[in-house]
>>> print(open('start-v9.txt').read())   # compact mmCIF, C-alpha atoms (C1' of nucleotides)
# COMPACT_ATOMS: atom_id res chain seq x y z
CA MET A 1 9.56 -6.47 26.02
CA ALA A 2 10.34 -4.77 22.78
CA THR A 3 6.68 -4.34 22.01
CA ASP A 4 6.55 -1.70 24.70
CA GLU A 5 8.90 0.43 22.75
CA LEU A 6 6.80 -0.04 19.67
CA MET A 7 3.83 1.28 21.59
CA ARG A 8 5.81 4.30 22.57
CA LYS A 9 6.73 4.86 18.96
CA ALA A 10 3.17 4.60 17.81
CA LEU A 11 2.13 7.06 20.44
CA GLU A 12 4.75 9.49 19.32
CA ALA A 13 3.64 9.05 15.76
CA LEU A 14 0.14 10.01 16.77
CA ARG A 15 1.15 12.89 18.95
CA ASP A 16 2.98 14.78 16.23
CA ASP A 17 1.75 17.91 14.51
CA GLY A 18 -1.56 18.47 16.17
CA PRO A 19 -4.62 18.23 13.92
CA PRO A 20 -3.47 16.25 10.92
CA SER A 21 -6.63 14.37 10.29
CA VAL A 22 -9.15 16.76 11.73
CA GLU A 23 -11.11 16.94 8.54
CA ALA A 24 -10.94 13.21 8.33
CA ILE A 25 -12.48 13.03 11.78
CA HIS A 26 -15.17 15.37 10.61
CA ARG A 27 -15.85 13.03 7.76
CA LEU A 28 -16.10 10.37 10.38
CA THR A 29 -18.96 12.04 12.16
CA ASP A 30 -20.35 15.03 10.27
CA LEU A 31 -22.55 13.29 7.77
CA GLY A 32 -25.61 13.06 9.94
CA GLY A 33 -27.42 15.95 8.25
CA VAL A 34 -30.00 15.71 5.50
CA HIS A 35 -28.58 15.99 2.01
CA GLU A 36 -30.17 16.78 -1.19
CA PRO A 37 -28.57 14.83 -3.98
CA MET A 38 -25.06 15.89 -4.90
CA MET A 39 -23.35 16.13 -8.25
CA ILE A 40 -20.28 14.06 -8.96
CA ASN A 41 -17.83 16.89 -8.44
CA GLU A 42 -19.28 17.79 -5.07
CA VAL A 43 -18.92 14.21 -3.93
CA ALA A 44 -15.43 14.04 -5.35
CA ASP A 45 -14.45 17.14 -3.39
CA LEU A 46 -16.09 15.83 -0.27
CA LEU A 47 -14.27 12.52 -0.40
CA ASP A 48 -11.08 13.89 -1.89
CA ILE A 49 -11.08 11.45 -4.76
CA SER A 50 -11.49 12.09 -8.47
CA PRO A 51 -14.75 11.88 -10.42
CA HIS A 52 -13.01 9.22 -12.47
CA THR A 53 -12.65 7.13 -9.38
CA LEU A 54 -16.27 7.65 -8.41
CA ARG A 55 -17.42 6.44 -11.79
CA TYR A 56 -15.00 3.56 -11.49
CA TYR A 57 -16.49 2.53 -8.16
CA GLU A 58 -19.93 2.63 -9.66
CA ARG A 59 -18.83 0.49 -12.59
CA ALA A 60 -17.29 -1.90 -10.11
CA GLY A 61 -20.71 -2.39 -8.58
CA LEU A 62 -19.87 -0.78 -5.26
CA VAL A 63 -22.67 1.78 -5.37
CA GLU A 64 -25.73 2.59 -7.42
CA VAL A 65 -26.28 6.18 -8.41
CA ALA A 66 -29.40 7.78 -9.83
CA ARG A 67 -29.40 10.17 -12.81
CA ASP A 68 -31.10 13.49 -13.41
CA GLY A 69 -32.89 14.46 -16.61
CA ASN A 70 -29.61 14.99 -18.39
CA GLY A 71 -28.16 11.67 -17.42
CA HIS A 72 -25.91 13.29 -14.83
CA ARG A 73 -25.24 11.41 -11.62
CA LEU A 74 -27.17 12.36 -8.52
CA TYR A 75 -25.66 11.02 -5.32
CA ASP A 76 -28.26 10.79 -2.59
CA ALA A 77 -27.46 10.61 1.10
CA GLU A 78 -27.43 6.84 1.00
CA ALA A 79 -24.92 6.70 -1.82
CA VAL A 80 -22.73 9.33 -0.21
CA ARG A 81 -22.77 7.49 3.07
CA ARG A 82 -21.76 4.28 1.41
CA LEU A 83 -18.99 6.02 -0.48
CA VAL A 84 -17.69 7.45 2.77
CA PHE A 85 -17.57 3.92 4.07
CA LEU A 86 -15.91 2.63 0.93
CA THR A 87 -13.24 5.30 0.76
CA ARG A 88 -12.49 4.77 4.41
CA MET A 89 -12.02 1.06 3.83
CA ARG A 90 -9.87 1.73 0.79
CA LEU A 91 -7.74 4.11 2.79
CA ALA A 92 -7.34 1.37 5.33
CA GLY A 93 -6.06 -0.89 2.58
CA MET A 94 -9.02 -3.16 1.96
CA PRO A 95 -8.79 -4.49 -1.61
CA MET A 96 -11.48 -3.68 -4.14
CA ARG A 97 -12.24 -7.38 -4.37
CA ASP A 98 -13.14 -7.59 -0.71
CA LEU A 99 -15.24 -4.45 -0.90
CA GLN A 100 -17.13 -5.90 -3.83
CA HIS A 101 -17.79 -9.04 -1.87
CA TYR A 102 -18.86 -7.01 1.14
CA ILE A 103 -21.28 -4.99 -0.94
CA THR A 104 -22.83 -8.08 -2.44
CA LEU A 105 -23.37 -9.25 1.13
CA VAL A 106 -25.01 -5.97 2.03
CA GLU A 107 -27.35 -6.25 -0.91
CA ALA A 108 -28.11 -9.85 -0.12
CA GLY A 109 -29.88 -8.84 3.09
CA LYS A 110 -29.73 -9.02 6.83
CA HIS A 111 -28.85 -12.67 7.04
CA THR A 112 -25.34 -11.88 5.83
CA VAL A 113 -24.57 -9.70 8.85
CA PRO A 114 -22.44 -12.34 10.57
CA GLU A 115 -20.25 -12.77 7.55
CA ARG A 116 -19.96 -9.02 7.19
CA LEU A 117 -18.85 -8.81 10.78
CA ASP A 118 -16.28 -11.49 10.13
CA MET A 119 -14.93 -9.43 7.28
CA LEU A 120 -14.78 -6.31 9.40
CA ILE A 121 -13.04 -8.11 12.21
CA GLU A 122 -10.52 -9.62 9.88
CA HIS A 123 -9.95 -6.25 8.33
CA ARG A 124 -9.48 -4.73 11.75
CA ASP A 125 -6.80 -7.30 12.47
CA THR A 126 -5.15 -6.53 9.18
CA ILE A 127 -5.03 -2.85 10.11
CA CYS A 128 -3.53 -3.73 13.47
CA ARG A 129 -0.86 -5.83 11.84
CA ARG A 130 -0.06 -3.08 9.41
CA ILE A 131 0.19 -0.52 12.19
CA ARG A 132 2.57 -2.78 14.01
CA GLU A 133 4.68 -3.23 10.90
CA LEU A 134 4.81 0.50 10.41
CA ALA A 135 5.66 1.13 14.04
CA LEU A 136 8.54 -1.27 13.64
CA SER A 137 9.71 0.45 10.49
CA LEU A 138 9.37 3.77 12.26
CA THR A 139 11.58 2.52 15.04
CA ALA A 140 14.18 1.43 12.53
CA VAL A 141 14.11 4.69 10.61
CA GLU A 142 14.31 6.84 13.72
CA TYR A 143 17.16 4.76 15.02
CA LYS A 144 18.91 5.18 11.71
CA ILE A 145 18.36 8.91 11.75
CA ALA A 146 19.62 9.21 15.29
CA THR A 147 22.79 7.21 14.66
CA TYR A 148 23.57 8.28 11.14
CA GLY A 149 26.52 10.41 12.15
CA GLY A 150 28.37 7.55 13.73
CA TRP A 151 30.58 6.74 10.77
CA THR A 152 30.07 9.34 8.16
CA GLY A 153 28.72 12.49 9.73
CA PRO A 154 28.37 14.70 12.77
CA ASP A 155 27.65 13.62 16.29
CA VAL A 156 24.30 12.20 17.30
CA GLN A 157 23.68 15.18 19.52
CA ASP A 158 23.83 17.50 16.54
CA LEU A 159 21.35 15.37 14.69
CA ASP A 160 18.98 15.25 17.59
CA THR A 161 18.75 18.99 17.85
CA ALA A 162 17.98 19.16 14.16
CA LEU A 163 14.85 17.07 14.61
CA PRO A 164 11.50 18.63 15.54
CA ARG A 165 10.81 16.38 18.52
CA GLU A 166 11.74 16.34 22.16
CA PRO A 167 14.89 14.26 22.67
CA GLN A 168 14.13 12.58 25.99
CA ARG A 169 11.11 10.59 26.90
CA ARG A 170 12.64 7.17 27.23
CA THR A 171 11.95 6.84 30.93
CA GLN A 172 11.18 3.19 30.65
CA ALA A 173 12.57 2.46 27.24
CA ALA A 174 16.06 3.47 28.31
CA GLY A 175 16.10 0.54 30.67
CA THR A 176 14.65 -2.08 28.37
CA ASP A 177 16.65 -1.08 25.33
CA LYS A 178 18.17 -4.32 24.16
CA ARG A 179 20.47 -3.12 21.49
CA GLY A 180 23.85 -1.98 22.75
CA ALA A 181 26.25 -4.57 21.43
CA GLY A 182 24.16 -5.15 18.33
CA GLU A 183 24.24 -1.48 17.57
CA ARG A 184 26.24 -1.85 14.43
CA ALA A 185 23.46 -3.93 12.99
CA ASP A 186 21.58 -0.95 11.69
CA GLY A 187 24.34 1.54 11.29
CA GLY A 188 25.75 0.83 7.87
CA PRO A 189 26.86 3.56 5.52
CA GLU A 190 23.48 3.84 3.85
CA MET B 1 -9.35 15.88 21.86
CA ALA B 2 -10.04 13.09 19.49
CA THR B 3 -6.37 12.44 18.95
CA ASP B 4 -6.23 11.00 22.44
CA GLU B 5 -8.61 8.34 21.41
CA LEU B 6 -6.53 7.62 18.35
CA MET B 7 -3.55 7.11 20.59
CA ARG B 8 -5.52 4.68 22.64
CA LYS B 9 -6.48 2.82 19.50
CA ALA B 10 -2.93 2.61 18.31
CA LEU B 11 -1.90 1.28 21.66
CA GLU B 12 -4.53 -1.40 21.49
CA ALA B 13 -3.41 -2.27 18.01
CA LEU B 14 0.08 -2.83 19.28
CA ARG B 15 -0.92 -4.69 22.37
CA ASP B 16 -2.79 -7.46 20.56
CA ASP B 17 -1.63 -11.02 20.08
CA GLY B 18 1.73 -11.01 21.75
CA PRO B 19 4.75 -11.63 19.52
CA PRO B 20 3.58 -10.85 16.02
CA SER B 21 6.75 -9.32 14.73
CA VAL B 22 9.27 -11.01 16.94
CA GLU B 23 11.22 -12.36 14.06
CA ALA B 24 11.06 -8.96 12.48
CA ILE B 25 12.63 -7.54 15.60
CA HIS B 26 15.31 -10.14 15.36
CA ARG B 27 15.98 -9.05 11.84
CA LEU B 28 16.25 -5.58 13.24
CA THR B 29 19.09 -6.47 15.55
CA ASP B 30 20.49 -9.91 14.89
CA LEU B 31 22.70 -9.25 11.93
CA GLY B 32 25.77 -8.27 13.89
CA GLY B 33 27.60 -11.55 13.34
CA VAL B 34 30.16 -12.28 10.68
CA HIS B 35 28.73 -13.92 7.57
CA GLU B 36 30.35 -15.83 4.88
CA PRO B 37 28.68 -15.12 1.57
CA MET B 38 25.16 -16.46 1.22
CA MET B 39 23.39 -18.00 -1.74
CA ILE B 40 20.30 -16.37 -3.12
CA ASN B 41 17.90 -18.78 -1.48
CA GLU B 42 19.41 -18.28 1.93
CA VAL B 43 19.05 -14.54 1.57
CA ALA B 44 15.53 -14.94 0.27
CA ASP B 45 14.61 -17.03 3.30
CA LEU B 46 16.29 -14.59 5.63
CA LEU B 47 14.44 -11.60 4.24
CA ASP B 48 11.23 -13.44 3.48
CA ILE B 49 11.16 -12.34 -0.12
CA SER B 50 11.51 -14.38 -3.29
CA PRO B 51 14.74 -14.96 -5.23
CA HIS B 52 12.91 -13.32 -8.11
CA THR B 53 12.60 -10.17 -6.09
CA LEU B 54 16.24 -10.26 -5.08
CA ARG B 55 17.30 -10.48 -8.70
CA TYR B 56 14.89 -7.72 -9.50
CA TYR B 57 16.43 -5.46 -6.86
CA GLU B 58 19.84 -6.14 -8.28
CA ARG B 59 18.66 -5.32 -11.78
CA ALA B 60 17.16 -2.14 -10.39
CA GLY B 61 20.60 -1.10 -9.26
CA LEU B 62 19.82 -1.29 -5.55
CA VAL B 63 22.63 -3.68 -4.71
CA GLU B 64 25.66 -5.23 -6.34
CA VAL B 65 26.22 -8.92 -5.87
CA ALA B 66 29.34 -10.93 -6.63
CA ARG B 67 29.28 -14.30 -8.41
CA ASP B 68 31.00 -17.58 -7.69
CA GLY B 69 32.74 -19.70 -10.27
CA ASN B 70 29.44 -20.94 -11.62
CA GLY B 71 27.97 -17.50 -12.01
CA HIS B 72 25.79 -17.98 -8.94
CA ARG B 73 25.18 -14.97 -6.72
CA LEU B 74 27.19 -14.64 -3.55
CA TYR B 75 25.72 -12.15 -1.09
CA ASP B 76 28.39 -10.87 1.26
CA ALA B 77 27.64 -9.26 4.61
CA GLU B 78 27.57 -5.81 3.07
CA ALA B 79 25.02 -6.81 0.44
CA VAL B 80 22.87 -8.59 3.00
CA ARG B 81 22.96 -5.61 5.30
CA ARG B 82 21.91 -3.33 2.53
CA LEU B 83 19.11 -5.68 1.53
CA VAL B 84 17.89 -5.73 5.10
CA PHE B 85 17.73 -1.97 4.94
CA LEU B 86 16.02 -2.01 1.57
CA THR B 87 13.37 -4.52 2.49
CA ARG B 88 12.68 -2.61 5.67
CA MET B 89 12.16 0.56 3.70
CA ARG B 90 9.98 -1.24 1.20
CA LEU B 91 7.88 -2.66 4.00
CA ALA B 92 7.49 0.86 5.27
CA GLY B 93 6.17 1.87 1.88
CA MET B 94 9.11 3.72 0.38
CA PRO B 95 8.81 3.57 -3.42
CA MET B 96 11.46 1.83 -5.50
CA ARG B 97 12.21 5.14 -7.15
CA ASP B 98 13.17 6.77 -3.87
CA LEU B 99 15.26 3.80 -2.88
CA GLN B 100 17.11 4.00 -6.16
CA HIS B 101 17.78 7.66 -5.56
CA TYR B 102 18.91 6.96 -2.04
CA ILE B 103 21.32 4.28 -3.20
CA THR B 104 22.83 6.55 -5.80
CA LEU B 105 23.42 9.02 -2.97
CA VAL B 106 25.07 6.33 -0.90
CA GLU B 107 27.37 5.44 -3.74
CA ALA B 108 28.14 9.07 -4.42
CA GLY B 109 29.99 9.35 -1.11
CA LYS B 110 29.86 10.97 2.29
CA HIS B 111 28.99 14.43 1.09
CA THR B 112 25.45 13.23 0.34
CA VAL B 113 24.76 12.39 3.96
CA PRO B 114 22.66 15.51 4.58
CA GLU B 115 20.41 14.75 1.66
CA ARG B 116 20.12 11.16 2.78
CA LEU B 117 19.08 12.35 6.20
CA ASP B 118 16.48 14.59 4.60
CA MET B 119 15.09 11.58 2.79
CA LEU B 120 15.00 9.51 5.95
CA ILE B 121 13.29 12.26 7.90
CA GLU B 122 10.72 12.77 5.20
CA HIS B 123 10.14 9.06 5.07
CA ARG B 124 9.74 8.98 8.81
CA ASP B 125 7.05 11.64 8.54
CA THR B 126 5.35 9.64 5.82
CA ILE B 127 5.26 6.62 8.09
CA CYS B 128 3.82 8.71 10.90
CA ARG B 129 1.10 10.04 8.64
CA ARG B 130 0.28 6.56 7.49
CA ILE B 131 0.08 5.28 11.03
CA ARG B 132 -2.27 8.09 11.88
CA GLU B 133 -4.44 7.30 8.88
CA LEU B 134 -4.56 3.67 9.87
CA ALA B 135 -5.35 4.51 13.48
CA LEU B 136 -8.26 6.58 12.24
CA SER B 137 -9.46 3.77 10.01
CA LEU B 138 -9.09 1.40 12.89
CA THR B 139 -11.28 3.62 15.02
CA ALA B 140 -13.91 3.68 12.32
CA VAL B 141 -13.86 -0.06 11.80
CA GLU B 142 -14.02 -0.83 15.51
CA TYR B 143 -16.86 1.58 15.94
CA LYS B 144 -18.65 -0.07 13.07
CA ILE B 145 -18.09 -3.51 14.55
CA ALA B 146 -19.33 -2.41 17.94
CA THR B 147 -22.51 -0.80 16.63
CA TYR B 148 -23.31 -3.14 13.80
CA GLY B 149 -26.27 -4.72 15.50
CA GLY B 150 -28.21 -1.48 15.85
CA TRP B 151 -30.41 -1.82 12.80
CA THR B 152 -29.93 -5.20 11.31
CA GLY B 153 -28.59 -7.58 13.89
CA PRO B 154 -28.30 -8.59 17.51
CA ASP B 155 -27.52 -6.35 20.41
CA VAL B 156 -24.17 -4.67 20.82
CA GLN B 157 -23.56 -6.66 23.97
CA ASP B 158 -23.77 -9.90 22.06
CA LEU B 159 -21.30 -8.66 19.52
CA ASP B 160 -18.88 -7.53 22.16
CA THR B 161 -18.68 -10.94 23.73
CA ALA B 162 -18.04 -12.44 20.31
CA LEU B 163 -14.86 -10.42 19.92
CA PRO B 164 -11.52 -11.63 21.21
CA ARG B 165 -10.76 -8.53 23.24
CA GLU B 166 -11.62 -7.29 26.68
CA PRO B 167 -14.78 -5.18 26.48
CA GLN B 168 -14.04 -2.47 29.03
CA ARG B 169 -10.98 -0.31 29.14
CA ARG B 170 -12.50 2.97 28.16
CA THR B 171 -11.90 4.62 31.52
CA GLN B 172 -11.05 7.89 29.90
CA ALA B 173 -12.55 7.33 26.50
CA ALA B 174 -16.00 6.79 27.97
CA GLY B 175 -15.98 10.32 29.26
CA THR B 176 -14.51 12.05 26.25
CA ASP B 177 -16.53 10.14 23.70
CA LYS B 178 -17.99 12.85 21.54
CA ARG B 179 -20.29 10.87 19.36
CA GLY B 180 -23.69 10.26 20.85
CA ALA B 181 -26.06 12.32 18.73
CA GLY B 182 -23.97 11.80 15.61
CA GLU B 183 -24.08 8.08 16.14
CA ARG B 184 -26.09 7.36 13.07
CA ALA B 185 -23.34 8.82 10.96
CA ASP B 186 -21.47 5.59 10.81
CA GLY B 187 -24.21 3.12 11.40
CA GLY B 188 -25.61 2.46 7.97
CA PRO B 189 -26.69 -0.95 6.88
CA GLU B 190 -23.33 -1.86 5.40
C1' DG C 1 26.08 -40.58 -20.36
C1' DT C 2 21.95 -38.85 -18.82
C1' DT C 3 18.95 -37.14 -15.64
C1' DT C 4 17.83 -34.10 -11.83
C1' DG C 5 18.11 -29.87 -9.74
C1' DC C 6 19.32 -25.38 -8.91
C1' DG C 7 21.06 -21.56 -10.68
C1' DT C 8 21.59 -18.02 -14.67
C1' DT C 9 19.73 -14.18 -18.30
C1' DC C 10 16.36 -11.58 -20.67
C1' DG C 11 12.09 -10.05 -21.60
C1' DA C 12 7.32 -10.46 -21.20
C1' DG C 13 3.13 -10.65 -18.33
C1' DC C 14 0.21 -9.75 -14.41
C1' DG C 15 -2.79 -7.78 -10.70
C1' DC C 16 -4.16 -3.72 -8.74
C1' DG C 17 -6.29 0.66 -8.76
C1' DC C 18 -6.95 3.95 -10.99
C1' DT C 19 -6.56 7.45 -15.09
C1' DC C 20 -7.44 9.01 -19.35
C1' DA C 21 -8.92 9.57 -24.40
C1' DA C 22 -12.54 9.63 -27.75
C1' DA C 23 -16.90 10.57 -29.13
C1' DG C 24 -21.13 12.40 -28.10
C1' DC C 25 -25.12 14.93 -25.53
C1' DC C 26 -27.05 18.91 -23.20
C1' DC C 27 -27.21 23.49 -21.44
C1' DT C 28 -25.97 28.21 -21.28
C1' DA C 29 -23.47 32.61 -22.69
C1' DG C 30 -22.26 35.60 -26.13
C1' DC D 1 -26.35 30.33 -34.24
C1' DT D 2 -22.35 28.90 -32.43
C1' DA D 3 -18.91 28.06 -29.11
C1' DG D 4 -17.63 26.42 -24.67
C1' DG D 5 -17.82 23.70 -20.83
C1' DG D 6 -19.24 19.88 -18.22
C1' DC D 7 -21.28 15.73 -18.11
C1' DT D 8 -22.01 10.91 -20.22
C1' DT D 9 -20.23 6.15 -22.05
C1' DT D 10 -16.81 2.74 -23.39
C1' DG D 11 -12.57 0.80 -23.61
C1' DA D 12 -7.84 1.37 -23.52
C1' DG D 13 -3.52 2.71 -21.04
C1' DC D 14 -0.47 3.39 -17.17
C1' DG D 15 2.62 3.07 -13.04
C1' DC D 16 4.03 0.14 -9.67
C1' DG D 17 6.19 -3.91 -7.96
C1' DC D 18 6.82 -7.79 -8.69
C1' DT D 19 6.32 -12.61 -11.00
C1' DC D 20 6.96 -15.76 -14.39
C1' DG D 21 8.41 -18.34 -18.69
C1' DA D 22 11.84 -19.89 -21.85
C1' DA D 23 16.16 -21.24 -22.88
C1' DC D 24 20.31 -22.29 -21.16
C1' DG D 25 24.63 -23.87 -17.93
C1' DC D 26 26.90 -26.41 -14.54
C1' DA D 27 27.45 -30.14 -11.15
C1' DA D 28 26.50 -33.93 -8.51
C1' DA D 29 23.71 -38.57 -8.52
C1' DC D 30 22.40 -42.62 -10.76
>>> encode(input="start-v9.txt", output="structure tokens")
Amino acid sequence: MATDELMRKALEALRDDGPPSVEAIHRLTDLGGVHEPMMINEVADLLDISPHTLRYYERAGLVEVARDGNGHRLYDAEAVRRLVFLTRMRLAGMPMRDLQHYITLVEAGKHTVPERLDMLIEHRDTICRRIRELALSLTAVEYKIATYGGWTGPDVQDLDTALPREPQRRTQAAGTDKRGAGERADGGPE
Amino acid sequence: MATDELMRKALEALRDDGPPSVEAIHRLTDLGGVHEPMMINEVADLLDISPHTLRYYERAGLVEVARDGNGHRLYDAEAVRRLVFLTRMRLAGMPMRDLQHYITLVEAGKHTVPERLDMLIEHRDTICRRIRELALSLTAVEYKIATYGGWTGPDVQDLDTALPREPQRRTQAAGTDKRGAGERADGGPE
DNA sequence: GTTTGCGTTCGAGCGCGCTCAAAGCCCTAG
DNA sequence: CTAGGGCTTTGAGCGCGCTCGAACGCAAAC
């Protein structure tokens, strides 16, 4: 089944260059400590978004933020935690609209938990679909890279050595590869 | 290492609901046959984009399309093949700008092949990064789903049975799970 | 002949998610 | 005292990738 090869591709995608999202993983888990309120720039640095965007999120009703004596924003632990959640969902491609709806559910109380879970589950499925799409695209691009020399350039072998990945790992994929005759399909002069 | 768990997540993402991108895989390989020129709506159906978008791509200089006696577009095999490539790249998130640059390289001749390969390789890395981001988001969302009941809802067990996936498969993940004490980090009332 | 239907061109509009400019307040350094 | 810098608010602008509307042309059907 071709899906197997997609899995392999996704795995390879994840294996590459060691700790790419280490700080992201920290963000995933390292917010358990006690915070005193943070200023907007601190939060912006923490979340790697701009102060503009933080103010925009607040205007959009996604989070409420207290002010100090000078009217400056003070982000307490609660607000920061929610913003971590929000930025994570944004990164995962959830539209602002959905986040706004989700937040209204949160503020409506416990009885909305089932609907919130529905949203999360649907979002999870969306992420899965997107990963699958990208794995497919990855397959296509890697195939294109590997075969580019066929009509207009050097041999595939030369190209393979130029890439920073091990050439062989297709123990099972080599058998189930169903291209062959259809090889020209992807090998145009682009 | 947490990356292992990300791999597992990506695998799960790909395993779900059987043939989600089967037709996409067909598009990947099934264009080897000889075409006679296609009308815009046929191409639109084939690529699952609108005729509007096809005209837009042409205006953007991404593809040249001949006309019949009535001025209607006739997409020959070459144009269709290029559009398959283009839509695949778009789906993978390559910006129009880059595609335009790439196409100018293609039309500039063979000597641009190295630069084209550079673009493809960079794009491949972009896709990998994006997959990793999404895998991380997926981890976060699934964790959130699994633990949602902790403060505001029913028990985790109940939630697990409500999900359309097998509960246990964490043979290795159960051991390497490094959360535990930091569990509250992600378990806010959202 | 006229209507229906699908295509054409050109340019404008839209939805999204920011991103920024203008005008003003407050605090601190020189 | 004044200048600078950073924050505030509001509303406007932007970049992207389409998406659509208006006005028109041709061709087959009635």
>>> residues_around(input="start-v9.txt", residues="segment 1-8 of chain D", least_positions_apart="5", cutoff="8 Å", atoms="all atoms listed in the file", output="compact mmCIF listing (two decimals) with C-alpha atoms (C1' of nucleotides), in the frame of the given file")
# COMPACT_ATOMS: atom_id res chain seq x y z
CA GLY A 71 -28.16 11.67 -17.42
CA HIS A 72 -25.91 13.29 -14.83
C1' DC C 25 -25.12 14.93 -25.53
>>> interface_residues(input="start-v9.txt", of="chain C", to="chain B", cutoff="10 Å", atoms="all atoms listed in the file", output="compact mmCIF listing (two decimals) with C-alpha atoms (C1' of nucleotides), in the frame of the given file")
# COMPACT_ATOMS: atom_id res chain seq x y z
C1' DC C 6 19.32 -25.38 -8.91
C1' DG C 7 21.06 -21.56 -10.68
C1' DT C 8 21.59 -18.02 -14.67
>>> residues_around(input="start-v9.txt", residues="segment 11-27 of chain D", least_positions_apart="2", cutoff="8 Å", atoms="all atoms listed in the file", output="list in words")
His52, Thr53 and Asn70 of chain B; DT8, DG13, DC14, DT19 and DC20 of chain C
>>> axis_aligned_box(input="start-v9.txt", around="segment 16-22 of chain D", padding_each_side="6 Å", output="JSON")
{"center_x": 7.9, "center_y": -9.9, "center_z": -14.9, "size_x": 19.8, "size_y": 32.0, "size_z": 25.9}
>>> interface_residues(input="start-v9.txt", of="chain B", to="chain D", cutoff="12 Å", atoms="all atoms listed in the file", output="PyMOL selection string")
chain B and resi 49-57+60+68-72+90+93-97
>>> atom_distance(input="start-v9.txt", atom1="atom CA of Glu42 of chain A", atom2="atom CA of Val84 of chain A")
13.1 Å
>>> decode(input="start-v9.txt", residues="segment 2-27 of chain C", atoms="C-alpha atoms (C1' of nucleotides)", output="PDB file, in the first residue's frame")
ATOM      1  C1'  DT C   2     -33.562  34.376 -30.072  1.00  0.00           C
ATOM      2  C1'  DT C   3     -32.404  32.124 -26.115  1.00  0.00           C
ATOM      3  C1'  DT C   4     -29.302  29.278 -23.423  1.00  0.00           C
ATOM      4  C1'  DG C   5     -24.926  28.149 -22.047  1.00  0.00           C
ATOM      5  C1'  DC C   6     -20.214  28.145 -21.739  1.00  0.00           C
ATOM      6  C1'  DG C   7     -16.379  30.427 -22.645  1.00  0.00           C
ATOM      7  C1'  DT C   8     -13.554  34.972 -22.962  1.00  0.00           C
ATOM      8  C1'  DT C   9     -11.147  39.586 -20.880  1.00  0.00           C
ATOM      9  C1'  DC C  10     -10.187  42.938 -17.480  1.00  0.00           C
ATOM     10  C1'  DG C  11     -10.271  44.799 -13.239  1.00  0.00           C
ATOM     11  C1'  DA C  12     -12.104  45.023  -8.813  1.00  0.00           C
ATOM     12  C1'  DG C  13     -13.152  42.826  -4.345  1.00  0.00           C
ATOM     13  C1'  DC C  14     -12.610  39.675  -0.545  1.00  0.00           C
ATOM     14  C1'  DG C  15     -11.119  36.960   3.596  1.00  0.00           C
ATOM     15  C1'  DC C  16      -7.454  36.161   6.428  1.00  0.00           C
ATOM     16  C1'  DG C  17      -4.038  37.447   9.662  1.00  0.00           C
ATOM     17  C1'  DC C  18      -1.541  40.414  10.750  1.00  0.00           C
ATOM     18  C1'  DT C  19       1.180  45.070  10.537  1.00  0.00           C
ATOM     19  C1'  DC C  20       1.671  49.652  10.917  1.00  0.00           C
ATOM     20  C1'  DA C  21       0.900  54.862  11.419  1.00  0.00           C
ATOM     21  C1'  DA C  22      -0.749  58.640  14.130  1.00  0.00           C
ATOM     22  C1'  DA C  23      -1.482  60.823  18.195  1.00  0.00           C
ATOM     23  C1'  DG C  24      -0.958  60.848  22.882  1.00  0.00           C
ATOM     24  C1'  DC C  25       0.553  59.511  27.874  1.00  0.00           C
ATOM     25  C1'  DC C  26       4.029  58.418  31.296  1.00  0.00           C
ATOM     26  C1'  DC C  27       8.538  57.732  33.108  1.00  0.00           C
TER      27       DC C  27
END
